[in-house]
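> Take a look at work-v5.txt, compact mmCIF, C-alpha atoms and all ligand atoms:
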# COMPACT_ATOMS: atom_id res chain seq x y z
CA MET A 210 -13.72 -19.20 1.15
CA PRO A 211 -13.59 -16.66 -1.66
CA GLY A 212 -12.71 -17.43 -5.23
CA LYS A 213 -9.79 -16.07 -7.25
CA PHE A 214 -7.70 -13.18 -5.89
CA ARG A 215 -6.76 -10.23 -8.11
CA PHE A 216 -3.29 -8.68 -7.81
CA SER A 217 -1.83 -5.22 -8.33
CA PHE A 218 1.45 -3.31 -8.14
CA GLY A 219 2.59 0.24 -8.88
CA PRO A 220 4.89 1.18 -11.77
CA TRP A 221 7.45 2.28 -9.14
CA ASN A 222 7.89 -1.41 -8.29
CA ILE A 223 9.68 -1.87 -11.65
CA HIS A 224 12.64 0.42 -11.07
CA GLU A 225 16.28 1.20 -11.85
CA GLY A 226 17.68 -0.03 -8.53
CA ALA A 227 19.23 3.18 -7.23
CA ASP A 228 19.54 3.41 -3.46
CA PRO A 229 20.75 6.17 -1.12
CA PHE A 230 24.32 4.95 -1.61
CA GLY A 231 24.42 4.00 -5.27
CA PRO A 232 23.22 5.12 -8.72
CA PRO A 233 20.72 3.30 -10.97
CA VAL A 234 21.91 -0.12 -12.14
CA ARG A 235 19.14 -0.94 -14.60
CA GLU A 236 17.63 0.70 -17.67
CA THR A 237 14.58 2.91 -17.24
CA LEU A 238 11.39 1.43 -18.70
CA THR A 239 8.57 3.68 -19.91
CA PHE A 240 5.12 3.54 -18.36
CA ALA A 241 3.81 1.99 -21.58
CA GLU A 242 6.51 -0.73 -21.43
CA LYS A 243 5.62 -1.48 -17.82
CA LEU A 244 1.89 -1.68 -18.62
CA GLY A 245 2.70 -4.36 -21.18
CA MET A 246 4.23 -6.52 -18.42
CA TYR A 247 1.26 -6.63 -15.97
CA LYS A 248 -0.86 -9.34 -17.54
CA GLU A 249 2.07 -11.57 -18.44
CA LEU A 250 3.16 -11.41 -14.78
CA GLY A 251 -0.37 -12.38 -13.67
CA PHE A 252 -1.52 -8.95 -12.45
CA ASP A 253 -4.91 -7.34 -13.05
CA ALA A 254 -4.65 -3.84 -11.62
CA VAL A 255 -2.32 -0.85 -11.49
CA GLN A 256 -1.61 1.27 -8.41
CA PHE A 257 -0.82 4.91 -9.19
CA HIS A 258 0.81 7.89 -7.63
CA ASP A 259 -0.98 10.89 -9.08
CA ASP A 260 2.02 11.86 -11.21
CA ASP A 261 2.55 8.30 -12.43
CA ALA A 262 -0.66 8.88 -14.36
CA VAL A 263 -0.22 12.59 -15.11
CA PRO A 264 3.48 13.60 -15.00
CA GLU A 265 4.07 17.38 -14.75
CA MET A 266 0.61 17.74 -13.21
CA ASN A 267 1.80 20.80 -11.26
CA GLU A 268 2.01 22.66 -14.58
CA LEU A 269 -1.43 21.64 -15.88
CA THR A 270 -4.97 22.99 -15.38
CA PRO A 271 -7.56 20.72 -13.68
CA GLN A 272 -9.20 20.22 -17.08
CA GLN A 273 -5.92 19.15 -18.70
CA ILE A 274 -5.22 16.81 -15.77
CA THR A 275 -8.58 15.10 -16.19
CA GLN A 276 -8.04 14.74 -19.94
CA ARG A 277 -4.61 13.14 -19.39
CA ALA A 278 -6.05 10.76 -16.80
CA GLU A 279 -8.83 9.70 -19.15
CA ALA A 280 -6.23 8.96 -21.83
CA VAL A 281 -4.35 6.73 -19.38
CA ARG A 282 -7.61 4.92 -18.61
CA GLN A 283 -7.81 4.19 -22.33
CA GLN A 284 -4.34 2.62 -22.15
CA LEU A 285 -5.45 0.50 -19.19
CA ASP A 286 -8.51 -0.66 -21.11
CA GLU A 287 -6.30 -1.68 -24.04
CA HIS A 288 -4.28 -3.90 -21.70
CA GLY A 289 -7.32 -5.31 -19.90
CA LEU A 290 -6.21 -3.61 -16.69
CA VAL A 291 -7.96 -1.45 -14.11
CA ALA A 292 -6.67 1.30 -11.81
CA GLU A 293 -6.74 0.18 -8.17
CA PHE A 294 -6.06 3.50 -6.47
CA VAL A 295 -4.35 6.87 -6.77
CA ALA A 296 -1.98 8.16 -4.07
CA PRO A 297 -1.14 11.89 -4.04
CA ARG A 298 2.66 12.16 -4.05
CA LEU A 299 3.19 14.61 -1.21
CA TRP A 300 6.84 13.96 -0.39
CA GLU A 301 8.98 15.24 -3.29
CA ASP A 302 7.79 18.79 -4.05
CA PRO A 303 9.73 21.59 -2.28
CA ARG A 304 6.43 22.67 -0.75
CA THR A 305 6.25 19.41 1.20
CA ILE A 306 9.69 19.62 2.82
CA ASP A 307 8.19 20.16 6.26
CA GLY A 308 5.19 17.94 5.70
CA ALA A 309 2.17 18.40 3.48
CA TYR A 310 -1.08 18.55 5.46
CA THR A 311 0.86 19.25 8.70
CA SER A 312 3.40 21.70 7.29
CA ASN A 313 4.10 24.69 9.53
CA ASP A 314 3.59 26.86 6.45
CA ALA A 315 -0.07 27.57 5.61
CA ALA A 316 0.69 28.07 1.90
CA CYS A 317 2.33 24.63 1.78
CA ARG A 318 -0.66 23.07 3.50
CA GLU A 319 -2.90 24.64 0.83
CA TYR A 320 -0.64 23.25 -1.92
CA ALA A 321 -1.05 19.76 -0.38
CA ARG A 322 -4.84 20.08 -0.31
CA GLU A 323 -4.99 21.39 -3.88
CA ARG A 324 -2.71 18.56 -5.03
CA SER A 325 -4.96 16.06 -3.24
CA ARG A 326 -8.02 17.42 -5.05
CA ARG A 327 -6.20 16.95 -8.36
CA ALA A 328 -5.33 13.39 -7.32
CA ILE A 329 -9.05 12.82 -6.79
CA ASP A 330 -9.71 14.20 -10.29
CA ILE A 331 -7.11 11.76 -11.63
CA ALA A 332 -8.76 8.88 -9.76
CA SER A 333 -12.11 9.80 -11.32
CA GLY A 334 -10.49 9.99 -14.77
CA LEU A 335 -8.93 6.56 -14.24
CA GLY A 336 -12.22 5.07 -13.02
CA THR A 337 -11.36 4.33 -9.38
CA ASP A 338 -12.95 5.74 -6.22
CA LEU A 339 -9.99 4.86 -3.98
CA ILE A 340 -7.33 7.29 -2.78
CA VAL A 341 -4.40 5.92 -0.76
CA LEU A 342 -2.81 8.38 1.68
CA TRP A 343 0.72 7.40 2.64
CA LEU A 344 1.40 10.28 5.04
CA ALA A 345 5.13 10.26 4.25
CA ARG A 346 6.21 13.58 5.71
CA GLU A 347 3.45 14.04 8.26
CA GLY A 348 5.81 13.82 11.20
CA THR A 349 8.97 15.43 12.54
CA TYR A 350 12.72 15.15 12.78
CA LEU A 351 12.34 16.61 16.29
CA ARG A 352 9.11 16.63 18.26
CA GLU A 353 9.26 20.29 19.25
CA ALA A 354 9.02 21.30 15.57
CA LYS A 355 5.31 20.48 15.56
CA ASP A 356 2.46 19.98 18.01
CA SER A 357 1.04 16.44 17.78
CA LYS A 358 -2.47 17.50 18.78
CA GLN A 359 -2.53 20.32 16.22
CA SER A 360 -1.02 17.98 13.58
CA THR A 361 -3.81 15.49 14.20
CA ASP A 362 -6.34 18.29 13.79
CA LEU A 363 -4.67 19.33 10.53
CA LEU A 364 -4.70 15.77 9.21
CA LEU A 365 -8.39 15.47 10.06
CA SER A 366 -9.12 18.78 8.35
CA ALA A 367 -7.30 17.57 5.20
CA LEU A 368 -9.35 14.35 5.19
CA ASN A 369 -12.54 16.39 5.49
CA ASP A 370 -11.48 18.64 2.63
CA MET A 371 -11.10 15.60 0.34
CA LEU A 372 -14.34 14.00 1.54
CA GLU A 373 -16.18 17.27 0.87
CA TYR A 374 -14.53 17.78 -2.53
CA ASP A 375 -15.85 14.49 -3.85
CA SER A 376 -18.89 12.80 -2.31
CA GLN A 377 -17.99 9.37 -3.68
CA ILE A 378 -14.27 9.14 -3.01
CA ARG A 379 -12.95 6.69 -0.41
CA LEU A 380 -9.69 7.31 1.46
CA ALA A 381 -7.40 4.45 2.57
CA ILE A 382 -4.79 5.73 5.00
CA GLU A 383 -1.51 3.78 4.79
CA PRO A 384 0.00 3.82 8.29
CA LYS A 385 3.81 3.86 8.70
CA PRO A 386 5.70 4.69 11.92
CA ASN A 387 8.73 6.39 10.35
CA GLU A 388 10.81 6.97 7.18
CA PRO A 389 11.37 9.39 5.69
CA MET A 390 10.54 11.22 8.93
CA ASP A 391 12.28 10.35 12.18
CA GLN A 392 8.81 9.77 13.65
CA ALA A 393 5.59 9.88 11.69
CA TYR A 394 2.07 10.59 12.87
CA ILE A 395 -0.49 7.80 12.25
CA PRO A 396 1.85 4.78 12.72
CA THR A 397 -0.73 1.98 12.94
CA ALA A 398 -4.15 0.83 11.73
CA GLY A 399 -5.62 1.92 15.06
CA HIS A 400 -4.40 5.50 14.65
CA ALA A 401 -5.69 5.61 11.07
CA ILE A 402 -9.13 4.21 11.88
CA ALA A 403 -9.47 6.49 14.91
CA LEU A 404 -8.62 9.50 12.74
CA GLY A 405 -11.17 8.45 10.12
CA SER A 406 -13.83 7.97 12.80
CA MET A 407 -13.62 11.71 13.58
CA SER A 408 -14.09 12.75 9.94
CA ILE A 409 -17.29 14.08 8.32
CA ALA A 410 -17.76 10.71 6.55
CA PRO A 411 -16.19 7.90 8.63
CA GLU A 412 -17.76 5.31 6.33
CA ARG A 413 -15.50 6.59 3.52
CA VAL A 414 -12.21 6.34 5.41
CA GLY A 415 -10.39 2.98 5.62
CA VAL A 416 -6.84 1.66 5.58
CA ASN A 417 -4.13 0.18 3.41
CA ILE A 418 -2.03 -2.18 5.56
CA GLU A 419 1.55 -2.70 4.41
CA SER A 420 3.43 -5.71 5.82
CA ALA A 421 6.74 -3.85 6.25
CA HIS A 422 5.11 -0.81 7.87
CA ALA A 423 3.36 -2.99 10.47
CA ILE A 424 6.66 -4.74 11.22
CA LEU A 425 8.47 -1.38 11.59
CA ALA A 426 5.75 -0.40 14.07
CA GLY A 427 6.47 -3.54 16.09
CA ALA A 428 3.14 -5.12 15.12
CA ASP A 429 2.30 -8.32 13.30
CA PRO A 430 0.92 -7.53 9.81
CA SER A 431 -1.83 -10.16 10.05
CA ASP A 432 -2.95 -8.64 13.37
CA GLU A 433 -3.13 -5.19 11.77
CA MET A 434 -5.16 -6.75 8.96
CA GLY A 435 -7.42 -8.57 11.44
CA PHE A 436 -8.07 -5.36 13.35
CA ALA A 437 -8.90 -3.51 10.12
CA LEU A 438 -11.14 -6.39 8.97
CA ALA A 439 -13.01 -6.31 12.31
CA CYS A 440 -13.63 -2.59 11.70
CA GLY A 441 -14.71 -3.20 8.11
CA LYS A 442 -11.89 -0.93 6.99
CA LEU A 443 -9.36 -3.10 5.10
CA TRP A 444 -9.74 -1.68 1.62
CA THR A 445 -6.35 -2.62 0.21
CA VAL A 446 -3.03 -4.13 1.28
CA HIS A 447 0.65 -3.73 0.38
CA LEU A 448 2.20 -7.15 0.81
CA ASN A 449 5.98 -7.39 1.14
CA ASP A 450 8.49 -8.36 3.81
CA GLN A 451 11.00 -6.70 6.12
CA ASN A 452 14.19 -7.93 7.81
CA GLY A 453 14.43 -6.16 11.16
CA LEU A 454 13.72 -2.62 12.31
CA LYS A 455 15.59 -0.58 9.74
CA PHE A 456 14.73 1.33 6.56
CA ASP A 457 11.65 0.08 4.69
CA GLU A 458 13.03 -2.73 2.53
CA ASP A 459 9.96 -3.63 0.51
CA LYS A 460 11.32 -7.18 0.22
CA SER A 461 9.45 -9.84 -1.74
CA PHE A 462 6.45 -11.28 0.10
CA GLY A 463 7.55 -14.17 2.36
CA ALA A 464 11.25 -13.58 1.66
CA VAL A 465 12.14 -13.08 5.34
CA ASP A 466 9.42 -14.77 7.38
CA LEU A 467 7.26 -17.37 5.66
CA ARG A 468 5.13 -17.98 8.77
CA ARG A 469 4.32 -14.27 9.05
CA ALA A 470 3.38 -14.27 5.36
CA PHE A 471 1.26 -17.42 5.85
CA ASN A 472 -0.77 -15.70 8.57
CA GLN A 473 -1.45 -12.70 6.35
CA VAL A 474 -2.71 -14.93 3.54
CA ARG A 475 -4.76 -17.00 6.00
CA ILE A 476 -6.61 -14.09 7.56
CA LEU A 477 -7.33 -12.43 4.21
CA ASP A 478 -8.74 -15.69 2.85
CA LYS A 479 -10.65 -16.56 6.03
CA TYR A 480 -12.53 -13.25 5.96
CA ASP A 481 -13.23 -13.22 2.21
CA TYR A 482 -10.93 -10.30 1.40
CA GLY A 483 -11.60 -9.59 -2.26
CA ASN A 484 -15.31 -10.36 -2.22
CA ASN A 485 -16.10 -6.65 -2.27
CA GLY A 486 -13.62 -5.92 -5.04
CA GLU A 487 -10.54 -5.59 -2.81
CA ILE A 488 -7.26 -6.31 -4.60
CA VAL A 489 -4.09 -7.97 -3.25
CA GLY A 490 -1.59 -5.16 -3.72
CA LEU A 491 2.19 -5.59 -3.56
CA ASP A 492 4.74 -2.93 -2.72
CA VAL A 493 8.03 -4.66 -3.45
CA LYS A 494 11.43 -3.67 -4.83
CA ALA A 495 13.81 -5.81 -6.86
CA LEU A 496 17.20 -6.48 -5.26
CA ARG A 497 19.74 -4.01 -6.60
CA THR A 498 21.79 -6.96 -7.80
CA GLN A 499 19.06 -8.10 -10.25
CA LYS A 500 20.02 -7.65 -13.89
CA ASP A 501 17.58 -5.98 -16.31
CA GLU A 502 16.35 -9.21 -17.84
CA VAL A 503 15.33 -10.62 -14.44
CA ALA A 504 14.16 -7.45 -12.69
CA THR A 505 10.50 -8.44 -12.26
CA LYS A 506 11.02 -11.69 -10.33
CA HIS A 507 10.23 -9.91 -7.04
CA LEU A 508 6.73 -9.37 -8.41
CA SER A 509 6.16 -12.87 -9.80
CA ASN A 510 7.82 -14.47 -6.75
CA SER A 511 5.58 -12.50 -4.36
CA ARG A 512 2.44 -13.48 -6.25
CA THR A 513 3.61 -17.12 -6.40
CA MET A 514 4.29 -17.14 -2.65
CA PHE A 515 0.81 -15.75 -1.95
CA LEU A 516 -0.82 -18.49 -4.04
CA ARG A 517 1.38 -21.27 -2.60
CA LEU A 518 0.60 -20.18 0.97
CA LEU A 519 -3.08 -19.91 0.06
CA GLU A 520 -2.97 -23.52 -1.17
CA ILE A 521 -1.34 -24.65 2.09
CA SER A 522 -3.80 -22.69 4.23
CA ARG A 523 -6.78 -24.13 2.38
CA SER A 524 -5.32 -27.66 2.66
CA LEU A 525 -5.14 -27.58 6.47
CA ASP A 526 -7.53 -29.75 8.48
CA ASP A 527 -9.56 -27.11 10.33
CA ASP A 528 -11.23 -29.72 12.56
CA LYS A 529 -7.79 -30.94 13.63
CA ILE A 530 -6.74 -27.34 14.38
CA GLU A 531 -9.93 -26.71 16.38
CA ALA A 532 -9.28 -29.89 18.42
CA MET A 533 -5.70 -28.80 19.25
CA ILE A 534 -7.00 -25.38 20.31
CA ALA A 535 -9.77 -26.99 22.41
CA ASP A 536 -7.10 -29.15 24.08
CA ARG A 537 -4.87 -26.07 24.44
CA ASP A 538 -2.12 -28.17 22.89
CA TYR A 539 -0.45 -25.32 21.08
CA GLU A 540 2.88 -27.08 20.70
CA GLU A 541 1.07 -29.69 18.60
CA LEU A 542 -0.55 -26.89 16.60
CA ASP A 543 2.87 -25.23 16.17
CA LEU A 544 4.31 -28.44 14.78
CA TYR A 545 1.32 -28.94 12.50
CA ILE A 546 1.68 -25.47 10.97
CA MET A 547 5.46 -25.78 10.62
CA GLU A 548 5.25 -29.21 9.02
CA SER A 549 2.54 -27.94 6.65
CA LEU A 550 4.80 -25.06 5.64
CA LEU A 551 7.62 -27.56 5.09
CA GLY A 552 5.39 -29.53 2.78
CA GLY A 553 4.80 -32.26 5.37
C1 LIG B 601 6.38 3.89 1.13
C2 LIG B 601 5.00 3.56 0.81
C3 LIG B 601 4.66 3.91 -0.60
C4 LIG B 601 3.18 4.00 -0.78
C5 LIG B 601 2.78 4.53 -2.12
O1 LIG B 601 6.92 3.41 2.12
O2 LIG B 601 4.76 2.17 1.04
O3 LIG B 601 5.18 2.93 -1.46
O4 LIG B 601 2.63 2.76 -0.60
O5 LIG B 601 3.40 5.70 -2.36
MG MG B 602 3.39 0.97 0.40
Show how you would write the structure in this file as structure tokens.
Ligand code: XLS
Ligand code: MG


Amino acid sequence: MPGKFRFSFGPWNIHEGADPFGPPVRETLTFAEKLGMYKELGFDAVQFHDDDAVPEMNELTPQQITQRAEAVRQQLDEHGLVAEFVAPRLWEDPRTIDGAYTSNDAACREYARERSRRAIDIASGLGTDLIVLWLAREGTYLREAKDSKQSTDLLLSALNDMLEYDSQIRLAIEPKPNEPMDQAYIPTAGHAIALGSMSIAPERVGVNIESAHAILAGADPSDEMGFALACGKLWTVHLNDQNGLKFDEDKSFGAVDLRRAFNQVRILDKYDYGNNGEIVGLDVKALRTQKDEVATKHLSNSRTMFLRLLEISRSLDDDKIEAMIADRDYEELDLYIMESLLGG
């Protein structure tokens, strides 16, 4: 069993609470204010979108971008924090309306690649070798708009461009089956790992498994994690929860299905996730009803739930479990797990 887990979240997880049907309900906090909250909430690392670290990066030269990133690293050092990863934000710029790497417009595809190279520069400036690729708009609103085989080729070509640009960088693809697109390419860990296996450096392409994304794909998050662990490709996670097959809710970890959360914790712990520097990442949003003064409880609650479930998992009698499995008495095993989760 591994030792202590380290935790991370992105500054976008402390937010104003706007949703598609309502305006912000909480004050905006600055990046510096948010950095000051990480340690007190029990977190060790910061996830970044490229422009979380270097706002206005589209207007800056590569040299200026690197300088800004190095200044942010200084801020991290002052707070005793590290950067976990950088994700190029390829879903807001007008040039990514029809996708980034799979856009039907060659100039937009080039913008996406250039932006990805700058994200790699930012990662280097922040001191991390990990790039997360959430392929937000790599998909369609109607299938005839793009060709899925050509789109896969374009995604592979974009991966290769990044792997060639920096010989040390590692790419963790974050699968998601939909949203904002009607249907996205690369919906599961299997798709992501298969894509990486065709790249010029398969050993530098892994995955980021998000609980809610696996659920939206009709999979169990712990199974997606187990598959990625078997492939040696689970390089980060986004723990949260999801209530049914609708928009990505980014609910607090364990808030909907404690058993599903338990199995994620159990498989991460069983296979020593973290021993090679992996971090337990969250991707959670506060309920819109939370007032300003209590708008970080989704983060502390999620971390608490992880640690409580870890305690329960480590307290189980593994010999007893093995005996129930050997007897194929799974109802007994079911009861044992449920009673353990109920504190029995
Ligand atoms: C959105 C994604 C996003 C990425 C980082 O659904 O989970 O939060 O993880 O941009
Ligand atoms: Mg995520």

> What do you get as a ChimeraX atom specification if you pick all residues at most 12 Å from ligand MG 602 (chain B), counting only C-alpha atoms and all ligand atoms?

/A:217-219,221-222,256-258,294,296,341-345,381-385,388,416-423,445-450,457-460,490-494

> Which distance in Å separates CA of Glu412 (chain A) and CA of Arg379 (chain A), to one decimal?

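Those two atoms sit 8.4 Å apart.
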
> Using all atoms listed in the file for the distances, tell me which of A:Asp536, A:Asp375, A:Asp228, A:Asp432 is nearest to Ala410 (chain A).

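Using all atoms listed in the file, Ala410 (chain A) sits closest to A:Asp375.
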
> Can you work out which one of A:Val414, A:Leu477, A:Val234, A:Leu454 has the shortest atom-to-atom distance to Ala428 (chain A), counting only C-alpha atoms?

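Smallest separation from Ala428 (chain A) among the options: A:Leu454.
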
> Rank A:Gln451, A:Thr311, A:Ala280, A:Tyr480 by their smallest atom-to-atom distance to Asp356 (chain A), using all atoms listed in the file, and report the top residue only.

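Ranking A:Gln451, A:Thr311, A:Ala280, A:Tyr480 by distance to Asp356 (chain A), first place goes to A:Thr311.
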
> So what do you get for CA of Cys317 (chain A) versus atom C3 of ligand LIG 601 (chain B), distance-wise?

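Distance between the two atoms: 21.0 Å.
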
> Determine, counting only C-alpha atoms, every residue of protein, DNA or RNA that lies within 9 Å of (2.9, 20.9, -0.7) in the file coordinates, then give the result as a list in words.

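Protein and nucleic acid residues near the point are Leu299, Trp300, Glu301, Asp302, Pro303, Arg304, Thr305, Ile306, Asp307, Gly308, Ala309, Tyr310, Ser312, Ala316, Cys317, Arg318, Glu319, Tyr320, Ala321, Arg322, Glu323 and Arg324 of chain A.
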
> Ser360 (chain A): which residues within 10 Å, counting all atoms listed in the file, same-chain residues fewer than 5 positions away excluded, as a list in words?

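My list of contacting residues is Tyr310, Thr311, Ser312, Asn313, Glu347, Gly348, Lys355, Leu365, Ser366 and Tyr394 of chain A.
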
> Hey, can you spit out that residue selection with C-alpha atoms as a CSV table (one decimal), keeping the file's coordinate frame?


chain,number,residue,atom,x,y,z
A,310,TYR,CA,-1.1,18.6,5.5
A,311,THR,CA,0.9,19.2,8.7
A,312,SER,CA,3.4,21.7,7.3
A,313,ASN,CA,4.1,24.7,9.5
A,347,GLU,CA,3.4,14.0,8.3
A,348,GLY,CA,5.8,13.8,11.2
A,355,LYS,CA,5.3,20.5,15.6
A,365,LEU,CA,-8.4,15.5,10.1
A,366,SER,CA,-9.1,18.8,8.4
A,394,TYR,CA,2.1,10.6,12.9

> Is there a way to get, as an MDAnalysis selection string, all residues within 8 Å of the point (-11.9, 6.0, -7.1) in file coordinates, counting only C-alpha atoms?

chainID A and resid 293:295 329 332:333 335:340 377:379

> Using Å and a single decimal, report how far CA of Ala262 (chain A) sits from CA of Ala315 (chain A).

27.4 Å

> Considering only C-alpha atoms and all ligand atoms, state which residue in the set A:Asn452, A:Ser461, A:Gln283, A:Asn387 is at the smallest distance from ligand LIG 601 (chain B).

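Of A:Asn452, A:Ser461, A:Gln283, A:Asn387, the one nearest ligand LIG 601 (chain B) is A:Asn387, counting only C-alpha atoms and all ligand atoms.
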
> Because the input lacks atoms here, generate all heavy atoms for region 232-240 of chain A and report them as a PDB file, in the frame of the given file.


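Once written, selection-v8.pdb looks like this:
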ATOM      1  N   PRO A 232      24.002   4.647  -7.564  1.00  0.00           N
ATOM      2  CA  PRO A 232      23.220   5.120  -8.720  1.00  0.00           C
ATOM      3  C   PRO A 232      22.371   3.991  -9.294  1.00  0.00           C
ATOM      4  O   PRO A 232      22.492   2.831  -8.882  1.00  0.00           O
ATOM      5  CB  PRO A 232      24.303   5.559  -9.700  1.00  0.00           C
ATOM      6  CG  PRO A 232      25.461   4.664  -9.402  1.00  0.00           C
ATOM      7  CD  PRO A 232      25.424   4.439  -7.905  1.00  0.00           C
ATOM      8  N   PRO A 233      21.497   4.332 -10.280  1.00  0.00           N
ATOM      9  CA  PRO A 233      20.720   3.300 -10.970  1.00  0.00           C
ATOM     10  C   PRO A 233      21.646   2.220 -11.556  1.00  0.00           C
ATOM     11  O   PRO A 233      22.783   2.492 -11.960  1.00  0.00           O
ATOM     12  CB  PRO A 233      20.043   4.099 -12.084  1.00  0.00           C
ATOM     13  CG  PRO A 233      19.997   5.509 -11.601  1.00  0.00           C
ATOM     14  CD  PRO A 233      21.234   5.681 -10.772  1.00  0.00           C
ATOM     15  N   VAL A 234      21.110   0.987 -11.588  1.00  0.00           N
ATOM     16  CA  VAL A 234      21.910  -0.120 -12.140  1.00  0.00           C
ATOM     17  C   VAL A 234      21.171  -0.807 -13.305  1.00  0.00           C
ATOM     18  O   VAL A 234      21.722  -1.709 -13.924  1.00  0.00           O
ATOM     19  CB  VAL A 234      22.216  -1.179 -11.050  1.00  0.00           C
ATOM     20  CG1 VAL A 234      23.167  -0.617 -10.007  1.00  0.00           C
ATOM     21  CG2 VAL A 234      20.929  -1.674 -10.392  1.00  0.00           C
ATOM     22  N   ARG A 235      19.918  -0.346 -13.513  1.00  0.00           N
ATOM     23  CA  ARG A 235      19.140  -0.940 -14.600  1.00  0.00           C
ATOM     24  C   ARG A 235      18.570   0.147 -15.499  1.00  0.00           C
ATOM     25  O   ARG A 235      18.427   1.301 -15.071  1.00  0.00           O
ATOM     26  CB  ARG A 235      17.990  -1.784 -14.009  1.00  0.00           C
ATOM     27  CG  ARG A 235      18.453  -3.017 -13.255  1.00  0.00           C
ATOM     28  CD  ARG A 235      17.279  -3.868 -12.799  1.00  0.00           C
ATOM     29  NE  ARG A 235      16.556  -3.246 -11.719  1.00  0.00           N
ATOM     30  CZ  ARG A 235      16.779  -3.485 -10.414  1.00  0.00           C
ATOM     31  NH1 ARG A 235      17.749  -4.317 -10.066  1.00  0.00           N
ATOM     32  NH2 ARG A 235      16.069  -2.906  -9.474  1.00  0.00           N
ATOM     33  N   GLU A 236      18.213  -0.246 -16.714  1.00  0.00           N
ATOM     34  CA  GLU A 236      17.630   0.700 -17.670  1.00  0.00           C
ATOM     35  C   GLU A 236      16.261   1.182 -17.151  1.00  0.00           C
ATOM     36  O   GLU A 236      15.553   0.441 -16.455  1.00  0.00           O
ATOM     37  CB  GLU A 236      17.406  -0.001 -19.023  1.00  0.00           C
ATOM     38  CG  GLU A 236      18.710  -0.364 -19.763  1.00  0.00           C
ATOM     39  CD  GLU A 236      19.583   0.858 -19.991  1.00  0.00           C
ATOM     40  OE1 GLU A 236      19.062   1.880 -20.504  1.00  0.00           O
ATOM     41  OE2 GLU A 236      20.768   0.801 -19.577  1.00  0.00           O
ATOM     42  N   THR A 237      15.902   2.389 -17.556  1.00  0.00           N
ATOM     43  CA  THR A 237      14.580   2.910 -17.240  1.00  0.00           C
ATOM     44  C   THR A 237      13.569   2.398 -18.262  1.00  0.00           C
ATOM     45  O   THR A 237      13.826   2.460 -19.465  1.00  0.00           O
ATOM     46  CB  THR A 237      14.608   4.457 -17.284  1.00  0.00           C
ATOM     47  OG1 THR A 237      15.504   4.893 -16.259  1.00  0.00           O
ATOM     48  CG2 THR A 237      13.224   5.047 -17.029  1.00  0.00           C
ATOM     49  N   LEU A 238      12.461   1.864 -17.789  1.00  0.00           N
ATOM     50  CA  LEU A 238      11.390   1.430 -18.700  1.00  0.00           C
ATOM     51  C   LEU A 238      10.307   2.508 -18.713  1.00  0.00           C
ATOM     52  O   LEU A 238      10.049   3.149 -17.694  1.00  0.00           O
ATOM     53  CB  LEU A 238      10.801   0.100 -18.223  1.00  0.00           C
ATOM     54  CG  LEU A 238      11.742  -1.108 -18.184  1.00  0.00           C
ATOM     55  CD1 LEU A 238      10.967  -2.348 -17.738  1.00  0.00           C
ATOM     56  CD2 LEU A 238      12.381  -1.341 -19.543  1.00  0.00           C
ATOM     57  N   THR A 239       9.663   2.692 -19.839  1.00  0.00           N
ATOM     58  CA  THR A 239       8.570   3.680 -19.910  1.00  0.00           C
ATOM     59  C   THR A 239       7.319   3.109 -19.247  1.00  0.00           C
ATOM     60  O   THR A 239       7.209   1.877 -19.069  1.00  0.00           O
ATOM     61  CB  THR A 239       8.221   3.977 -21.398  1.00  0.00           C
ATOM     62  OG1 THR A 239       7.706   2.761 -21.979  1.00  0.00           O
ATOM     63  CG2 THR A 239       9.442   4.467 -22.155  1.00  0.00           C
ATOM     64  N   PHE A 240       6.395   3.985 -18.947  1.00  0.00           N
ATOM     65  CA  PHE A 240       5.120   3.540 -18.360  1.00  0.00           C
ATOM     66  C   PHE A 240       4.430   2.565 -19.301  1.00  0.00           C
ATOM     67  O   PHE A 240       3.922   1.514 -18.878  1.00  0.00           O
ATOM     68  CB  PHE A 240       4.227   4.763 -18.094  1.00  0.00           C
ATOM     69  CG  PHE A 240       2.867   4.430 -17.576  1.00  0.00           C
ATOM     70  CD1 PHE A 240       2.713   3.917 -16.291  1.00  0.00           C
ATOM     71  CD2 PHE A 240       1.743   4.583 -18.364  1.00  0.00           C
ATOM     72  CE1 PHE A 240       1.450   3.588 -15.791  1.00  0.00           C
ATOM     73  CE2 PHE A 240       0.482   4.253 -17.893  1.00  0.00           C
ATOM     74  CZ  PHE A 240       0.336   3.752 -16.600  1.00  0.00           C
TER      75      PHE A 240
END
